[in-house]
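Reading through the structure tokens given below for one structure.
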There are 2 protein chains.
Amino acid sequence: MKAPLFKDIVAAADRIAGVAIETPLLENPLLNEDLGARIFLKPENLQRVGAFKFRGAYNRLVQLTPEERTRGVVAFSSGNHAQGVASAAKILGIEATIVMPSDAPEMKVENTRGYGARVVLYDRATESREDIAAEIAREKGSVVVPAFEDPHIIAGQGTAALEVIRQVGERGAKLDAFLCPVGGGGLASGSGIVLNELSPETKVYGVEPQNFDDLGRSLKSGQRETNEKFSGSVCDALLSPSTGDLTFSILQQRLDGAFSVSDDEALGAVKYAWQKLKLVLEPGGATGLAALLYGKLGVRGMTVAVLLSGGNVDEETFIRALSADMR
Amino acid sequence: MKAPLFKDIVAAADRIAGVAIETPLLENPLLNEDLGARIFLKPENLQRVGAFKFRGAYNRLVQLTPEERTRGVVAFSSGNHAQGVASAAKILGIEATIVMPSDAPEMKVENTRGYGARVVLYDRATESREDIAAEIAREKGSVVVPAFEDPHIIAGQGTAALEVIRQVGERGAKLDAFLCPVGGGGLASGSGIVLNELSPETKVYGVEPQNFDDLGRSLKSGQRETNEKFSGSVCDALLSPSTGDLTFSILQQRLDGAFSVSDDEALGAVKYAWQKLKLVLEPGGATGLAALLYGKLGVRGMTVAVLLSGGNVDEETFIRALSADMR
């Protein structure tokens, strides 16, 4: 599989224009003051389906042939990719089947069904989602839409960074650093390609949940490492076993490093976003912000953009975050 | 006191440019689908201090003479105007004293202190905030900054609608209706002046809490009515005893009507904003949205803008909203 080129991301931006939301670039005086820096926020929680995932899913599905479209699509995901594929499929009139873990946040399962997709639940501990999806694909001849290991998906996710660069430029600023959450690495791969091309001086960092820091370890060892566990973090959106062959090869070239944040730090960032930024984030979507708030990277005096990747969170988890300690 | 002219609002926009945040205009596919309409959201919860109030406060304070600035300012407010004045005063290097009711949301009191203002608490039931503020003003010669009954405050608040009209125009749309929350009527007055001038076909509506519907009754009777109670709604930001002489005279000319929403409806809108829009709103700031969600105005097929006026809400109230019934 070949990595997408910068021009593929530009082409993806044209394809999703008018369908995906061009999310605004926000700046908050309290956050700037707290960090002694200029922080730009790219709130992809305001994207269609409440997460950046719509960008990649739509860019993939809109390129299916008419014949492929009639056979439907199948995807596996704990939630945000599920909603992205379901929503894109609905817009394009394609049948979608989504394989989701039975412990996925209820809101994500409900929303996926709400977009008209058929949801097949599986047990994370005993069943293989890849096998289930492959079986469904075989039966119907459906196209499997991977969550990150696909050049069209990566190109679609990269369009958010393309917007960031243009929006930052409109404000007459230049980025010293760019941070984004990392699960399978699709968003970070697309972002890295864009930033390396348009703003080569900008450092690009991925942020992972503690104990799910396969990327950080992989970047150090030079080979693709995996996580021991598949669940057990509040950052449900970021719990892929590892990056993919394709995404890791891109991230190795494009990223300047990776940080990891604890559950408490992710929840603290969710609370900070609620209290001061007035934005609803899910813990996984807040990891980039958490890395800034909890000093994983010194940013005093710098200009930094952070991608807030999603806001699909259950009531229970959100209420838990409101009780979290704040920085 | 004379009503501000349209050109005063344009001048206010120039004064606050680069200091106030130009909040984005948002659109959400789920909301559009739920209402069968095109709904533009103006999220003033993303404004400096988490509410539109900064606009008017800064426009007033920046016009004080150097001599007046040395004597400080005093204001009374249940919370958002307090924060607006405190923040504007801090930026301009002016001492601020804010008289707040002892039952104001804790977050609003804390934030006001956080901006460096001196906070004087009073008992809503037994003390007069006007008397306390006047006494402080007399002692120090400070300028009293009213929450709404002032042409510069009204002009400042009107700048949000000025942005809405430009942002809606950039999207090639035209507004059939505009809704905004009403307490003392400063925001609605400024909005009405702007909309009547730039988009005369647009109907302009104010939205009040149930049992605090003095404006609705005043528009019907043709004279300024007052509310019987001064507390007892979750919409703490909108509980002024009545509009002012000035704001009512403007609203009478500029508005097409007023709606009122119950506490449950306001809380339901807070929950909707959390779940689907990924925005944190306070109940008073969500009344315009509540009016749409609960069908106070039929909007099917229409293009409508709604001003989300603030997002400063206590944990307790927010958690209560998350348990509310949703539309």
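Simple scheme: letters A, B, ... for chains in structure tokens order, numbers from 1 for residues in each chain, numbers from 1 for ligands in the order shown.
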Mind running chain A against chain B at 8 Å and telling me each contacting residue's nearest atom pair with the distance in Å (one decimal), counting only C-alpha atoms, chain and number ascending, as JSON lines?
```
{"residue": "A:Pro24", "atom": "CA", "partner": "B:Pro24", "partner_atom": "CA", "distance": 6.5}
{"residue": "A:Asn28", "atom": "CA", "partner": "B:Arg48", "partner_atom": "CA", "distance": 7.3}
{"residue": "A:Pro29", "atom": "CA", "partner": "B:Arg48", "partner_atom": "CA", "distance": 6.9}
{"residue": "A:Asn45", "atom": "CA", "partner": "B:Lys278", "partner_atom": "CA", "distance": 6.4}
{"residue": "A:Leu46", "atom": "CA", "partner": "B:Lys278", "partner_atom": "CA", "distance": 6.3}
{"residue": "A:Arg48", "atom": "CA", "partner": "B:Pro29", "partner_atom": "CA", "distance": 6.9}
{"residue": "A:Gly50", "atom": "CA", "partner": "B:Lys278", "partner_atom": "CA", "distance": 7.3}
{"residue": "A:Trp274", "atom": "CA", "partner": "B:Val280", "partner_atom": "CA", "distance": 6.3}
{"residue": "A:Gln275", "atom": "CA", "partner": "B:Asn312", "partner_atom": "CA", "distance": 7.6}
{"residue": "A:Lys276", "atom": "CA", "partner": "B:Gly50", "partner_atom": "CA", "distance": 7.6}
{"residue": "A:Leu277", "atom": "CA", "partner": "B:Leu46", "partner_atom": "CA", "distance": 6.8}
{"residue": "A:Lys278", "atom": "CA", "partner": "B:Val280", "partner_atom": "CA", "distance": 4.7}
{"residue": "A:Leu279", "atom": "CA", "partner": "B:Leu279", "partner_atom": "CA", "distance": 4.8}
{"residue": "A:Val280", "atom": "CA", "partner": "B:Lys278", "partner_atom": "CA", "distance": 4.7}
{"residue": "A:Leu281", "atom": "CA", "partner": "B:Lys278", "partner_atom": "CA", "distance": 7.3}
{"residue": "A:Gly311", "atom": "CA", "partner": "B:Lys278", "partner_atom": "CA", "distance": 6.2}
{"residue": "A:Asn312", "atom": "CA", "partner": "B:Gln275", "partner_atom": "CA", "distance": 7.6}
{"residue": "A:Glu315", "atom": "CA", "partner": "B:Leu322", "partner_atom": "CA", "distance": 6.9}
{"residue": "A:Ile319", "atom": "CA", "partner": "B:Ile319", "partner_atom": "CA", "distance": 6.8}
{"residue": "A:Leu322", "atom": "CA", "partner": "B:Glu315", "partner_atom": "CA", "distance": 6.9}
```
**OP:** Write out as a list in words which residues come within 7 Å of range 133-137 of chain B when counting only C-alpha atoms, dropping same-chain ones fewer than 5 positions away.
**Re:** Val74, Ala75, Phe76, Val99, Ser142, Val143 and Val144 of chain B
Selected residues written out with N, CA and C atoms, as a PDB file, in the first residue's frame:
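selection.pdb, written as the output of this step:
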```pdb
ATOM      1  N   VAL B  74     -17.776  50.551  38.751  1.00  0.00           N
ATOM      2  CA  VAL B  74     -18.564  49.659  39.600  1.00  0.00           C
ATOM      3  C   VAL B  74     -19.744  49.134  38.781  1.00  0.00           C
ATOM      4  N   ALA B  75     -20.093  47.880  39.008  1.00  0.00           N
ATOM      5  CA  ALA B  75     -21.212  47.285  38.268  1.00  0.00           C
ATOM      6  C   ALA B  75     -21.944  46.321  39.170  1.00  0.00           C
ATOM      7  N   PHE B  76     -23.229  46.092  38.880  1.00  0.00           N
ATOM      8  CA  PHE B  76     -23.934  45.032  39.601  1.00  0.00           C
ATOM      9  C   PHE B  76     -24.459  44.042  38.579  1.00  0.00           C
ATOM     10  N   VAL B  99     -20.839  44.238  42.313  1.00  0.00           N
ATOM     11  CA  VAL B  99     -21.834  43.888  43.321  1.00  0.00           C
ATOM     12  C   VAL B  99     -22.634  42.701  42.785  1.00  0.00           C
ATOM     13  N   SER B 142     -16.446  56.523  41.287  1.00  0.00           N
ATOM     14  CA  SER B 142     -16.380  55.539  40.195  1.00  0.00           C
ATOM     15  C   SER B 142     -17.571  55.680  39.252  1.00  0.00           C
ATOM     16  N   VAL B 143     -17.368  55.307  38.018  1.00  0.00           N
ATOM     17  CA  VAL B 143     -18.449  55.277  37.035  1.00  0.00           C
ATOM     18  C   VAL B 143     -19.223  53.964  37.194  1.00  0.00           C
ATOM     19  N   VAL B 144     -20.547  54.085  37.268  1.00  0.00           N
ATOM     20  CA  VAL B 144     -21.374  52.876  37.303  1.00  0.00           C
ATOM     21  C   VAL B 144     -21.586  52.382  35.869  1.00  0.00           C
TER      22      VAL B 144
END
```
Subject >> Surrounding residues of Arg15 in chain A excluding itself and chain neighbours under 2 positions, 9 Å, only C-alpha atoms, as a VMD selection string >> reply: chain A and resid 10 to 13 17 to 19 58 to 59 62 156
**OP:** Using only C-alpha atoms, determine which residues lie at most 12 Å from Arg166 in chain B, disregarding the query and same-chain residues fewer than 3 positions distant; provide the list as a ChimeraX atom specification.
**Re:** /B:22,24-25,42,159-163,169-175,194-195,198-199
**OP:** Return as a VMD selection string the full set of residues in range 63-113 of chain A whose backbone-based DSSP assignment is alpha helix (DSSP H).
**Re:** chain A and resid 66 to 70 80 to 92 106 to 113
**OP:** Do a neighbour search on Leu35 in chain B at 8 Å with only C-alpha atoms, toss out local chain neighbours closer than 6 positions, and write the hits as a list of chain:residue names.
**Re:** B:Leu292, B:Leu293, B:Val299, B:Arg300
With C-alpha atoms retained, write the just-selected residues as a PDB file, in the first residue's frame.
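Output below, filename again-v7.pdb:
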```
ATOM      1  CA  LEU B 292     -36.606  26.215  18.420  1.00  0.00           C
ATOM      2  CA  LEU B 293     -36.347  22.693  19.850  1.00  0.00           C
ATOM      3  CA  VAL B 299     -39.340  27.106  11.380  1.00  0.00           C
ATOM      4  CA  ARG B 300     -39.722  24.214   8.916  1.00  0.00           C
TER       5      ARG B 300
END
```
**OP:** DSSP on the backbone, then: every residue of range 93-315 of chain B marked strand (DSSP E or B), written as a PyMOL selection string.
**Re:** chain B and resi 96-101+118-122+143-144+177-181+203-209+257-261+279+303-308+310
Subject >> Who sits within 8 Å of Glu225 in chain A, only C-alpha atoms, same chain under 4 positions skipped, as an MDAnalysis selection string >> reply: chainID A and resid 214:215 217:218 242
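The spacing separating CA of Val204 in chain A from CA of Gly288 in chain A amounts to 11.4 Å.
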Subject >> Nearest to Phe40 in chain B, chosen from B:Thr317, B:Thr97, B:Gln167, B:Gln63, with only C-alpha atoms counted in the distances >> reply: B:Gln167
